[in-house]
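Participant: Input file: structure_22.cif. Contents: mmCIF, C-alpha atoms.
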data_query
#
loop_
_atom_site.label_atom_id
_atom_site.label_comp_id
_atom_site.auth_asym_id
_atom_site.auth_seq_id
_atom_site.Cartn_x
_atom_site.Cartn_y
_atom_site.Cartn_z
CA MET A 1 57.29 200.26 -71.98
CA LYS A 2 54.05 202.24 -71.75
CA LYS A 3 51.99 199.07 -72.16
CA PHE A 4 53.94 197.41 -69.34
CA ARG A 5 53.40 200.38 -67.07
CA LEU A 6 49.67 200.33 -67.76
CA GLY A 7 49.51 196.61 -66.99
CA VAL A 8 50.93 196.88 -63.45
CA PRO A 9 48.00 198.85 -61.98
CA LEU A 10 45.55 196.55 -63.72
CA LEU A 11 47.25 193.54 -62.14
CA LEU A 12 47.07 195.12 -58.70
CA VAL A 13 43.38 195.82 -59.12
CA LEU A 14 42.75 192.22 -60.10
CA LEU A 15 44.76 190.92 -57.14
CA PHE A 16 42.89 193.19 -54.72
CA ALA A 17 39.54 192.14 -56.13
CA GLY A 18 40.51 188.51 -55.74
CA SER A 19 41.54 189.03 -52.14
CA VAL A 20 38.26 190.77 -51.32
CA TYR A 21 36.34 187.94 -52.94
CA TYR A 22 38.33 185.34 -51.00
CA LEU A 23 37.90 187.14 -47.68
CA THR A 24 34.21 187.72 -48.29
CA ASP A 25 33.71 184.11 -49.24
CA SER A 26 35.69 182.95 -46.18
CA ARG A 27 33.69 185.26 -43.91
CA ALA A 28 30.47 183.97 -45.38
CA GLY A 29 31.70 180.45 -44.69
CA VAL A 30 32.39 181.28 -41.05
CA ILE A 31 28.95 182.80 -40.66
CA ARG A 32 27.33 179.76 -42.28
CA LYS A 33 29.23 177.46 -39.92
CA TYR A 34 28.26 179.58 -36.91
CA ASN A 35 24.58 179.58 -37.89
CA GLU A 36 24.68 175.83 -38.51
CA LYS A 37 26.17 175.15 -35.05
CA LEU A 38 23.65 177.45 -33.43
CA GLN A 39 20.76 175.81 -35.24
CA GLN A 40 22.04 172.35 -34.30
CA ALA A 41 22.35 173.45 -30.66
CA ARG A 42 18.77 174.72 -30.54
CA GLU A 43 17.39 171.60 -32.23
CA ALA A 44 19.31 169.30 -29.89
CA VAL A 45 18.00 171.15 -26.83
CA GLN A 46 14.47 171.12 -28.22
CA ASN A 47 14.75 167.35 -28.65
CA GLY A 48 15.99 166.93 -25.10
CA VAL A 49 19.59 166.07 -26.02
CA LEU A 50 21.22 168.61 -23.69
CA THR A 51 24.79 167.29 -23.80
CA ASP A 52 24.99 167.57 -27.58
CA GLY A 53 23.11 170.85 -27.51
CA MET A 54 25.56 172.47 -25.08
CA SER A 55 28.48 171.10 -27.08
CA MET A 56 27.08 172.80 -30.20
CA TYR A 57 26.56 176.04 -28.24
CA ARG A 58 30.21 175.96 -27.20
CA GLU A 59 31.32 175.43 -30.78
CA ALA A 60 29.15 178.33 -31.94
CA LEU A 61 30.55 180.57 -29.19
CA ALA A 62 34.09 179.61 -30.16
CA ILE A 63 33.35 180.94 -33.66
CA HIS A 64 31.48 184.07 -32.63
CA PRO A 65 31.15 184.76 -28.88
CA SER A 66 28.38 187.08 -27.66
CA VAL A 67 26.64 187.91 -24.39
CA GLU A 68 23.29 187.06 -25.94
CA ILE A 69 24.23 183.48 -26.86
CA TYR A 70 25.97 182.88 -23.53
CA THR A 71 22.70 183.92 -21.91
CA GLU A 72 20.64 181.75 -24.27
CA ALA A 73 22.81 178.71 -23.57
CA GLY A 74 22.68 179.28 -19.81
CA ASN A 75 18.90 179.62 -19.94
CA VAL A 76 18.76 176.02 -21.13
CA PHE A 77 19.72 174.92 -17.61
CA LEU A 78 17.29 177.31 -15.95
CA ASP A 79 14.46 176.14 -18.25
CA LYS A 80 15.27 172.57 -17.25
CA GLU A 81 15.19 173.63 -13.56
CA ASP A 82 18.84 172.82 -13.03
CA PRO A 83 20.13 175.94 -11.19
CA SER A 84 23.33 174.18 -10.14
CA ALA A 85 24.33 173.63 -13.77
CA ALA A 86 23.22 177.17 -14.59
CA TYR A 87 25.48 178.58 -11.87
CA SER A 88 28.37 176.44 -13.11
CA TRP A 89 27.83 177.88 -16.60
CA TYR A 90 27.92 181.39 -15.14
CA GLU A 91 31.01 180.77 -13.03
CA LYS A 92 33.14 178.75 -15.43
CA GLU A 93 32.13 180.02 -18.85
CA PHE A 94 30.01 183.16 -18.90
CA ALA A 95 31.81 185.29 -16.28
CA PRO A 96 35.35 184.59 -17.57
CA ALA A 97 34.27 185.55 -21.11
CA TYR A 98 32.38 188.73 -20.16
CA PRO A 99 33.48 189.91 -16.70
CA ASP A 100 32.28 193.48 -17.22
CA ALA A 101 28.90 192.89 -18.88
CA PRO A 102 25.77 193.57 -16.76
CA LYS A 103 23.97 190.64 -18.42
CA THR A 104 26.66 188.29 -17.06
CA TYR A 105 25.67 189.22 -13.52
CA GLU A 106 21.98 189.23 -14.34
CA PHE A 107 22.31 185.59 -15.34
CA GLY A 108 24.47 184.67 -12.33
CA ILE A 109 21.96 186.23 -9.95
CA ARG A 110 19.03 184.47 -11.65
CA ALA A 111 20.87 181.15 -11.29
CA SER A 112 21.60 181.79 -7.60
CA LEU A 113 18.05 182.88 -6.84
CA ALA A 114 16.69 179.82 -8.62
CA ALA A 115 18.78 177.74 -6.23
CA GLN A 116 17.60 179.95 -3.33
CA ASP A 117 21.24 180.67 -2.63
CA TYR A 118 20.66 184.25 -1.49
CA GLN A 119 24.11 184.67 -0.04
CA GLU A 120 25.72 183.88 -3.41
CA ALA A 121 23.26 186.18 -5.18
CA PHE A 122 24.42 189.04 -2.97
CA ALA A 123 28.06 188.08 -3.53
CA ILE A 124 27.49 188.35 -7.31
CA TYR A 125 25.68 191.65 -6.78
CA ASP A 126 28.68 192.99 -4.83
CA THR A 127 31.07 191.91 -7.60
CA CYS A 128 28.83 193.57 -10.18
CA ALA A 129 28.81 196.80 -8.17
CA LYS A 130 32.60 196.78 -7.81
CA ARG A 131 32.95 196.42 -11.58
CA GLU A 132 30.49 199.30 -12.03
CA ALA A 133 28.24 197.04 -14.07
CA LEU A 134 25.00 197.52 -12.12
CA SER A 135 21.97 197.66 -14.40
CA THR A 136 18.29 198.28 -13.77
CA ALA A 137 17.66 194.59 -14.38
CA VAL A 138 20.21 193.57 -11.73
CA LYS A 139 18.61 195.91 -9.18
CA GLU A 140 15.13 194.65 -10.01
CA LEU A 141 16.25 191.04 -9.56
CA MET A 142 17.62 191.80 -6.09
CA GLU A 143 14.81 194.01 -4.84
CA PRO A 144 12.43 191.18 -3.75
CA VAL A 145 15.20 189.54 -1.67
CA TRP A 146 16.96 192.68 -0.42
CA TYR A 147 15.88 191.87 3.13
CA ALA A 148 15.93 188.08 2.89
CA TYR A 149 17.29 186.59 6.08
CA GLU A 150 18.14 183.42 7.93
CA LEU A 151 17.67 182.57 11.61
CA LEU A 152 20.89 181.15 12.96
CA TYR A 153 21.24 178.20 15.24
CA GLY A 154 20.98 178.97 18.95
CA ARG A 155 18.27 179.94 21.43
CA TYR A 156 18.88 182.29 24.34
CA ASP A 157 16.96 183.35 27.42
CA GLN A 158 18.47 186.84 27.28
CA ALA A 159 20.60 188.77 24.80
CA ALA A 160 22.52 192.05 24.89
CA ALA A 161 23.51 194.28 21.99
CA PHE A 162 26.16 193.39 19.43
CA SER A 163 29.39 195.31 19.97
CA VAL A 164 30.45 197.89 17.40
CA ASP A 165 34.07 197.12 18.36
CA ASN A 166 34.28 193.39 17.66
CA GLY A 167 30.78 192.20 16.73
CA LEU A 168 30.34 190.00 19.81
CA ALA A 169 27.16 189.91 21.87
CA ALA A 170 26.45 188.67 25.38
CA VAL A 171 23.81 185.93 25.59
CA ALA A 172 22.40 183.92 28.48
CA SER A 173 21.07 180.36 28.71
CA ASP A 174 20.06 178.56 31.89
CA GLY A 175 21.31 181.40 34.06
CA ARG A 176 24.83 181.58 32.60
CA TRP A 177 26.23 184.20 30.23
CA GLY A 178 28.69 183.92 27.37
CA TYR A 179 29.40 185.59 24.01
CA VAL A 180 28.50 184.78 20.40
CA ASN A 181 29.72 186.35 17.17
CA GLN A 182 27.60 187.69 14.31
CA LYS A 183 27.35 184.18 12.85
CA GLY A 184 25.76 182.95 16.07
CA THR A 185 28.86 180.90 16.95
CA SER A 186 29.85 180.70 20.61
CA VAL A 187 33.16 182.52 21.11
CA ILE A 188 33.32 182.70 24.90
CA GLY A 189 31.57 179.91 26.78
CA ALA A 190 28.51 180.51 28.97
CA SER A 191 30.17 180.47 32.39
CA TYR A 192 29.45 183.93 33.82
CA LEU A 193 26.82 185.06 36.32
CA SER A 194 26.46 188.30 34.35
CA ALA A 195 27.91 189.85 31.20
CA ASP A 196 27.43 193.06 29.27
CA LEU A 197 28.40 194.90 26.08
CA PHE A 198 31.91 194.67 24.64
CA ALA A 199 33.69 198.02 24.30
CA THR A 200 37.38 197.16 23.95
CA TYR A 201 36.78 194.82 26.90
CA ALA A 202 33.58 193.34 28.30
CA PRO A 203 32.32 193.53 31.91
CA VAL A 204 31.57 190.14 33.48
CA VAL A 205 31.05 188.50 36.86
CA ASP A 206 32.45 184.97 37.01
CA ALA A 207 30.97 181.93 38.76
CA ASP A 208 32.79 182.86 41.98
CA GLY A 209 31.34 186.36 42.00
CA ASN A 210 34.51 188.14 40.84
CA ALA A 211 34.02 191.17 38.60
CA SER A 212 36.43 191.94 35.76
CA TYR A 213 36.77 193.15 32.20
CA ILE A 214 37.72 190.42 29.70
CA ASP A 215 39.05 190.44 26.13
CA ALA A 216 37.58 188.62 23.13
CA SER A 217 39.37 185.42 24.16
CA GLY A 218 37.87 185.47 27.64
CA ASN A 219 41.08 186.54 29.38
CA ALA A 220 40.76 188.93 32.32
CA LYS A 221 42.38 192.27 31.42
CA ILE A 222 41.19 194.55 34.24
CA THR A 223 40.15 193.12 37.60
CA ALA A 224 38.17 194.53 40.53
CA SER A 225 41.24 194.36 42.78
CA GLN A 226 42.93 197.12 40.75
CA PHE A 227 40.38 199.79 41.73
CA MET A 228 40.73 202.06 44.75
CA ASP A 229 38.34 204.40 46.54
CA GLU A 230 39.08 208.06 47.20
CA ASP A 231 41.12 207.16 50.29
CA GLY A 232 43.29 204.67 48.43
CA ASN A 233 41.56 201.60 49.89
CA PRO A 234 40.29 198.67 47.79
CA ALA A 235 37.01 199.75 46.21
CA GLY A 236 35.33 196.37 46.69
CA ILE A 237 33.84 196.31 43.18
CA LYS A 238 31.01 193.80 42.67
CA GLN A 239 29.97 194.67 39.13
CA PHE A 240 31.08 196.74 36.14
CA ARG A 241 29.25 198.36 33.25
CA PRO A 242 30.71 198.79 29.72
CA LEU A 243 33.80 200.96 29.34
CA ALA A 244 33.13 204.37 27.84
CA GLY A 245 34.58 207.87 27.85
CA GLY A 246 37.79 206.85 29.62
CA PHE A 247 35.89 205.66 32.70
CA ALA A 248 34.87 202.39 34.27
CA LEU A 249 31.42 202.55 35.84
CA ALA A 250 31.37 200.21 38.85
CA PHE A 251 29.09 199.09 41.70
CA ASN A 252 30.55 198.34 45.14
CA GLY A 253 27.43 196.74 46.55
CA ILE A 254 26.06 200.06 47.80
CA SER A 255 26.46 202.66 45.06
CA TRP A 256 27.70 203.29 41.51
CA SER A 257 30.78 205.40 40.82
CA TYR A 258 33.09 206.35 37.96
CA TYR A 259 36.74 205.29 38.05
CA ASP A 260 39.59 206.73 36.04
CA LEU A 261 41.01 204.08 33.69
CA GLU A 262 44.55 205.43 33.95
CA THR A 263 44.81 205.55 37.75
CA TYR A 264 41.93 203.21 38.71
CA GLN A 265 41.00 205.83 41.30
CA LYS A 266 37.39 206.66 42.14
CA ARG A 267 36.10 209.97 40.82
CA PRO A 268 34.02 212.22 43.13
CA GLY A 269 30.38 211.15 43.45
CA SER A 270 28.44 208.06 44.47
CA TYR A 271 25.08 207.30 42.93
CA ALA A 272 22.05 205.06 43.36
CA ASP A 273 22.29 204.44 39.60
CA ALA A 274 24.21 205.83 36.63
CA THR A 275 24.69 205.39 32.89
CA VAL A 276 27.93 205.15 30.97
CA ILE A 277 29.34 208.44 29.70
CA ALA A 278 29.20 208.15 25.91
CA ASN A 279 29.23 210.81 23.19
CA GLY A 280 30.12 213.34 25.88
CA VAL A 281 27.18 212.85 28.20
CA GLY A 282 25.77 210.49 30.84
CA ALA A 283 23.12 210.54 33.55
CA VAL A 284 23.16 209.92 37.31
CA THR A 285 20.68 209.69 40.18
CA GLU A 286 21.52 210.05 43.86
CA ASP A 287 18.15 209.02 45.29
CA GLY A 288 16.96 206.61 42.59
CA TYR A 289 14.10 208.94 41.62
CA THR A 290 15.49 212.12 40.07
CA TRP A 291 18.22 212.28 37.44
CA ALA A 292 20.81 214.83 36.29
CA LEU A 293 22.96 214.99 33.17
CA ILE A 294 26.75 214.85 33.48
CA GLY A 295 29.50 215.84 31.05
CA ALA A 296 32.47 214.01 29.59
CA ASP A 297 34.55 214.74 32.71
CA GLY A 298 31.84 213.49 35.08
CA SER A 299 30.78 216.95 36.24
CA ILE A 300 27.09 217.65 36.84
CA HIS A 301 25.55 219.69 33.98
CA THR A 302 21.92 220.02 35.07
CA PRO A 303 19.88 219.99 38.25
CA TYR A 304 18.33 216.69 39.35
CA ASP A 305 15.15 217.59 37.49
CA TYR A 306 14.40 214.48 35.46
CA GLU A 307 12.25 211.51 36.37
CA GLU A 308 13.89 209.32 33.74
CA VAL A 309 16.41 209.48 30.91
CA ALA A 310 15.92 207.25 27.82
CA VAL A 311 18.73 204.70 27.38
CA ASN A 312 19.40 202.54 24.32
CA ASP A 313 20.49 198.90 24.58
CA ARG A 314 24.15 199.93 24.37
CA GLY A 315 23.63 201.78 27.65
CA GLU A 316 23.96 205.19 25.95
CA ILE A 317 21.59 208.11 26.42
CA CYS A 318 22.91 210.43 23.69
CA CYS A 319 23.59 210.19 19.97
CA ALA A 320 23.93 212.99 17.41
CA ASP A 321 23.82 215.42 20.37
CA ARG A 322 20.25 214.44 21.15
CA LEU A 323 18.60 212.67 24.07
CA PHE A 324 15.22 212.28 25.74
CA VAL A 325 14.49 213.26 29.35
CA LYS A 326 11.28 212.76 31.29
CA LYS A 327 9.99 215.73 33.23
CA ASP A 328 6.52 216.34 34.68
CA GLY A 329 5.38 212.99 33.31
CA THR A 330 6.34 213.59 29.67
CA TYR A 331 9.43 213.14 27.51
CA TRP A 332 11.31 216.02 25.89
CA LEU A 333 13.97 216.10 23.18
CA THR A 334 17.05 217.98 24.43
CA ASP A 335 20.72 218.56 23.70
CA PRO A 336 23.48 217.30 26.06
CA ASN A 337 23.03 220.37 28.28
CA GLY A 338 19.33 219.74 28.79
CA THR A 339 18.20 222.51 26.44
CA GLN A 340 14.91 221.64 24.74
CA ILE A 341 15.09 221.20 20.97
CA SER A 342 11.36 221.50 20.38
CA ALA A 343 8.21 222.36 22.31
CA GLN A 344 6.63 218.98 21.57
CA ALA A 345 6.14 216.64 24.54
CA TYR A 346 5.90 212.85 24.17
CA GLU A 347 4.23 210.11 26.18
CA ASP A 348 7.28 207.86 25.71
CA ALA A 349 10.51 207.83 23.72
CA ASP A 350 13.31 205.50 22.64
CA ALA A 351 16.87 206.87 22.67
CA PHE A 352 18.63 207.63 19.39
CA TYR A 353 21.06 204.98 18.08
CA GLU A 354 22.35 206.97 15.13
CA ASP A 355 21.90 210.26 13.32
CA SER A 356 18.63 209.28 11.67
CA TYR A 357 15.26 208.80 13.37
CA ALA A 358 14.12 208.09 16.91
CA ALA A 359 10.85 206.47 17.97
CA VAL A 360 8.44 208.54 20.09
CA LYS A 361 4.93 207.97 21.39
CA LYS A 362 2.37 210.68 20.75
CA ASP A 363 -1.43 210.53 21.01
CA GLY A 364 -1.27 206.86 21.91
CA VAL A 365 0.75 205.68 18.88
CA TRP A 366 4.44 205.47 18.03
CA GLN A 367 6.03 207.38 15.18
CA TYR A 368 9.42 208.80 14.18
CA ILE A 369 11.19 212.15 14.46
CA ASN A 370 14.60 213.38 13.34
CA ALA A 371 17.23 215.11 15.48
CA SER A 372 15.45 218.45 15.00
CA GLY A 373 12.19 217.04 16.35
CA GLU A 374 10.53 217.02 12.94
CA GLU A 375 7.99 214.24 12.42
CA GLN A 376 8.75 211.77 9.64
CA ASN A 377 6.05 210.30 7.43
CA LEU A 378 6.95 206.66 8.09
CA GLY A 379 3.65 205.51 9.57
CA THR A 380 2.31 204.96 13.08
CA PHE A 381 2.71 201.79 15.14
CA GLU A 382 1.56 200.02 18.30
CA GLU A 383 5.15 200.14 19.52
CA ALA A 384 8.43 201.11 17.87
CA LYS A 385 12.16 201.32 18.47
CA SER A 386 14.65 203.82 17.09
CA PHE A 387 16.55 203.24 13.86
CA SER A 388 19.86 201.42 13.97
CA ASN A 389 21.90 200.87 10.81
CA GLY A 390 18.98 201.87 8.62
CA MET A 391 16.40 199.52 10.17
CA ALA A 392 13.84 199.97 12.94
CA ALA A 393 11.79 197.40 14.83
CA VAL A 394 8.03 198.09 14.83
CA LYS A 395 5.04 196.30 16.33
CA ILE A 396 2.05 195.63 14.09
CA ASN A 397 -0.96 193.56 15.14
CA GLY A 398 0.86 192.35 18.23
CA MET A 399 4.01 191.12 16.46
CA TRP A 400 7.36 192.71 15.64
CA GLY A 401 9.04 193.24 12.29
CA TYR A 402 11.26 195.90 10.68
CA ILE A 403 10.89 198.92 8.43
CA ASP A 404 13.53 200.77 6.40
CA LEU A 405 14.29 204.49 6.37
CA GLU A 406 11.49 205.10 3.86
CA GLY A 407 8.93 203.43 6.10
CA LYS A 408 8.63 200.38 3.84
CA GLN A 409 8.22 196.98 5.45
CA ALA A 410 11.59 195.28 5.27
CA ILE A 411 10.88 192.21 7.40
CA ALA A 412 7.34 191.05 8.10
CA PRO A 413 6.02 191.28 11.69
CA VAL A 414 6.36 187.64 12.76
CA PHE A 415 8.42 187.96 15.97
CA TYR A 416 7.46 188.33 19.63
CA ASP A 417 10.16 190.97 20.05
CA ALA A 418 12.98 192.44 17.97
CA GLY A 419 16.23 194.21 18.79
CA ALA A 420 18.47 196.78 17.13
CA PHE A 421 20.41 195.97 13.95
CA TYR A 422 24.17 195.73 14.08
CA ARG A 423 26.10 197.06 11.06
CA ALA A 424 26.88 193.54 9.79
CA GLY A 425 23.15 192.94 9.26
CA VAL A 426 22.40 190.95 12.41
CA ALA A 427 19.84 191.47 15.15
CA PHE A 428 18.31 189.49 17.98
CA VAL A 429 14.67 188.49 17.54
CA LYS A 430 12.25 186.41 19.58
CA GLN A 431 10.83 183.47 17.67
CA THR A 432 8.84 182.43 20.73
CA GLU A 433 7.72 184.34 23.80
CA ASP A 434 10.78 183.10 25.67
CA ASP A 435 13.70 182.56 23.27
CA TRP A 436 15.97 184.98 21.42
CA SER A 437 17.73 184.03 18.18
CA VAL A 438 20.16 185.74 15.81
CA LEU A 439 18.60 187.02 12.57
CA ARG A 440 21.12 187.62 9.80
CA LEU A 441 20.48 189.37 6.49
CA TYR A 442 21.95 187.51 3.52
CA ARG A 443 22.77 190.92 2.03
CA ARG A 444 25.31 191.64 4.77
CA SER A 445 26.77 188.13 5.07
CA SER A 446 28.08 187.74 1.50
#
Represent the structure contained in this file as structure tokens.
Facilitator:
Amino acid sequence: MKKFRLGVPLLLVLLFAGSVYYLTDSRAGVIRKYNEKLQQAREAVQNGVLTDGMSMYREALAIHPSVEIYTEAGNVFLDKEDPSAAYSWYEKEFAPAYPDAPKTYEFGIRASLAAQDYQEAFAIYDTCAKREALSTAVKELMEPVWYAYELLYGRYDQAAAFSVDNGLAAVASDGRWGYVNQKGTSVIGASYLSADLFATYAPVVDADGNASYIDASGNAKITASQFMDEDGNPAGIKQFRPLAGGFALAFNGISWSYYDLETYQKRPGSYADATVIANGVGAVTEDGYTWALIGADGSIHTPYDYEEVAVNDRGEICCADRLFVKKDGTYWLTDPNGTQISAQAYEDADAFYEDSYAAVKKDGVWQYINASGEEQNLGTFEEAKSFSNGMAAVKINGMWGYIDLEGKQAIAPVFYDAGAFYRAGVAFVKQTEDDWSVLRLYRRSS
């Protein structure tokens, strides 16, 4: 009995040792097979037999998948200058196998950039960011093309700002106005004598001279016939400006006035010119020479002390509680009540678009200040416009380009003029002295 009991543990030890040997031998066989397939793949590629080479790579990856070998196999296509096949490898094989690995996206971006498909490169970058897989290598790959752009089809004699409400912009060709979207596609045909910025609705004058506000389908939503003067008579509106602050700003052929959008009744006051009331403030002039600031309710806030008030291309004078007024031949930074923010005077100024930096002219050159009037070290320029969505148009050696918030050149100065950037990464630029086109960043169009 004792001998039998001693034999059982010995048998177990022998069985265990045999199992380890078998598993080790099997594992060694798998590794040998993997190395053989990998070697065959590399030799086939080296000899120019790509189909067999990729087949061997797939067999090797089926045995032992790894990010490194997926990258190596994909590089075969890039080395052979076949970015289409490289992208297919990324999309159909690499990404499904390793959807969270930074190197997956590094390869996909390299394939897209090799094909000069910047839009797809940014789409991959966005996916990588959403999966929290951004790496230094991914960022470095994208940096040279961060401001890559395309110029969309379409040439226009005039162009207004893109709307922050629906992304449409008024454009004119051959004396007629219509609207395009941020892809440069015509949305409302060019049939109007005049058109302006969309803000819920857009102000237009049709071919028969009738003023109205239209929706994004071109349907009239508010017409001139709805508005009454202070005595309850038809106001005789000839033209509107963009809706803002609960008012319609309208011209009756003689003067500009504000009308309540609930009652369509004229508010007190008639002016030679006026701005929309936005961000709680607007500006009016009774004689066409001196201006005053008005509040959100249309009441006068300052004396008629200003020679001019800076207006951005959305028709607004104030953003981030800051505006520029011209007094005694120079521009001053003030708050909505006309209180000076700093003692510095400027030769010229461009209204704020956002709570970042505004362009001002000092000592014959343009530079940038923040809302406190502090100068920013972004360089000096022949001309400049205020920042909008992180970009600012600047003039260098007679041509316009763009800088970013750090003062780095984002888009080279190759245009005859350049407008403000809309949040979707589009802006109007002049390719010639006469024609405006839509510039679109690939980064924002993915």
Participant: Starting from the displayed file, determine the output of the PyMOL selection byres ((chain A and resi 371) around 10) and express the residue list as a ChimeraX atom specification.
Facilitator: /A:319-323,333-335,341-342,352,354-358,369-370,372-375
Participant: Taking 6 positions as the minimum chain separation for residues in the same chain, which residues sit within 6 Å of range 430-433 of chain A when counting only C-alpha atoms? Answer as a ChimeraX atom specification.
Facilitator: /A:415-417
Participant: Check what the PyMOL selection byres ((chain A and resi 105-107) around 9) selects in the file above and give those residues as a compact mmCIF listing (two decimals) with C-alpha atoms, keeping the file's coordinate frame.
Facilitator:
# COMPACT_ATOMS: atom_id res chain seq x y z
CA THR A 71 22.70 183.92 -21.91
CA GLY A 74 22.68 179.28 -19.81
CA ASN A 75 18.90 179.62 -19.94
CA ALA A 86 23.22 177.17 -14.59
CA TYR A 87 25.48 178.58 -11.87
CA TYR A 90 27.92 181.39 -15.14
CA PHE A 94 30.01 183.16 -18.90
CA ALA A 95 31.81 185.29 -16.28
CA PRO A 99 33.48 189.91 -16.70
CA ASP A 100 32.28 193.48 -17.22
CA ALA A 101 28.90 192.89 -18.88
CA PRO A 102 25.77 193.57 -16.76
CA LYS A 103 23.97 190.64 -18.42
CA THR A 104 26.66 188.29 -17.06
CA GLY A 108 24.47 184.67 -12.33
CA ILE A 109 21.96 186.23 -9.95
CA ARG A 110 19.03 184.47 -11.65
CA ALA A 111 20.87 181.15 -11.29
CA SER A 112 21.60 181.79 -7.60
CA ILE A 124 27.49 188.35 -7.31
CA TYR A 125 25.68 191.65 -6.78
CA THR A 127 31.07 191.91 -7.60
CA CYS A 128 28.83 193.57 -10.18
CA ALA A 133 28.24 197.04 -14.07
CA LEU A 134 25.00 197.52 -12.12
CA SER A 135 21.97 197.66 -14.40
CA ALA A 137 17.66 194.59 -14.38
CA VAL A 138 20.21 193.57 -11.73
CA LEU A 141 16.25 191.04 -9.56
Participant: I would like the residues chosen by the PyMOL selection byres ((chain A and resi 348) around 10) on the shown file; could you give them as JSON, numbers by chain?
Facilitator: {"A": [310, 324, 325, 326, 329, 330, 331, 332, 345, 346, 347, 349, 350, 359, 360, 361, 362, 364, 365, 366]}
Participant: For range 198-200 of chain A, list every protein, DNA or RNA residue within 8 Å, evaluated using only C-alpha atoms, and leave out those in the same chain fewer than 2 positions away; present the list as a PDB file with C-alpha atoms, in the coordinates of the input.
Facilitator:
ATOM      1  CA  PHE A 162      26.160 193.390  19.430  1.00  0.00           C
ATOM      2  CA  SER A 163      29.390 195.310  19.970  1.00  0.00           C
ATOM      3  CA  VAL A 164      30.450 197.890  17.400  1.00  0.00           C
ATOM      4  CA  ASP A 165      34.070 197.120  18.360  1.00  0.00           C
ATOM      5  CA  ASN A 166      34.280 193.390  17.660  1.00  0.00           C
ATOM      6  CA  LEU A 168      30.340 190.000  19.810  1.00  0.00           C
ATOM      7  CA  ALA A 169      27.160 189.910  21.870  1.00  0.00           C
ATOM      8  CA  ASP A 196      27.430 193.060  29.270  1.00  0.00           C
ATOM      9  CA  ALA A 202      33.580 193.340  28.300  1.00  0.00           C
ATOM     10  CA  PRO A 203      32.320 193.530  31.910  1.00  0.00           C
ATOM     11  CA  ASP A 215      39.050 190.440  26.130  1.00  0.00           C
ATOM     12  CA  PRO A 242      30.710 198.790  29.720  1.00  0.00           C
ATOM     13  CA  LEU A 243      33.800 200.960  29.340  1.00  0.00           C
ATOM     14  CA  ALA A 244      33.130 204.370  27.840  1.00  0.00           C
TER      15      ALA A 244
END
Participant: With all atoms listed in the file as the atoms that count, which of A:Ala272, A:Arg267, A:Lys37, A:Ile277 lies nearest to Gly245 in chain A?
Facilitator: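 That would be A:Ile277, the residue with the smallest distance to Gly245 in chain A.
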Participant: Just need range 130-141 of chain A in a file, please: N, CA and C atoms, as a tab-separated table (two decimals), in the first residue's frame.
Facilitator:
chain	number	residue	atom	x	y	z
A	130	LYS	N	-11.46	61.31	-30.45
A	130	LYS	CA	-12.62	60.80	-29.73
A	130	LYS	C	-12.30	59.53	-28.95
A	131	ARG	N	-11.38	58.73	-29.48
A	131	ARG	CA	-10.98	57.50	-28.79
A	131	ARG	C	-9.86	57.74	-27.79
A	132	GLU	N	-9.51	59.03	-27.62
A	132	GLU	CA	-8.45	59.41	-26.68
A	132	GLU	C	-7.15	58.69	-26.99
A	133	ALA	N	-6.84	58.61	-28.27
A	133	ALA	CA	-5.64	57.90	-28.71
A	133	ALA	C	-4.62	58.85	-29.37
A	134	LEU	N	-4.79	60.15	-29.14
A	134	LEU	CA	-3.85	61.10	-29.75
A	134	LEU	C	-2.44	60.90	-29.20
A	135	SER	N	-1.49	60.86	-30.10
A	135	SER	CA	-0.09	60.72	-29.72
A	135	SER	C	0.69	61.91	-30.27
A	136	THR	N	1.90	62.06	-29.80
A	136	THR	CA	2.76	63.13	-30.32
A	136	THR	C	2.98	62.96	-31.82
A	137	ALA	N	3.14	61.71	-32.25
A	137	ALA	CA	3.36	61.44	-33.67
A	137	ALA	C	2.15	61.86	-34.51
A	138	VAL	N	0.94	61.59	-34.02
A	138	VAL	CA	-0.27	61.99	-34.74
A	138	VAL	C	-0.31	63.51	-34.88
A	139	LYS	N	-0.04	64.21	-33.80
A	139	LYS	CA	-0.07	65.68	-33.83
A	139	LYS	C	0.99	66.23	-34.78
A	140	GLU	N	2.16	65.63	-34.77
A	140	GLU	CA	3.24	66.09	-35.65
A	140	GLU	C	2.90	65.85	-37.12
A	141	LEU	N	2.21	64.75	-37.41
A	141	LEU	CA	1.79	64.48	-38.78
A	141	LEU	C	0.81	65.54	-39.28
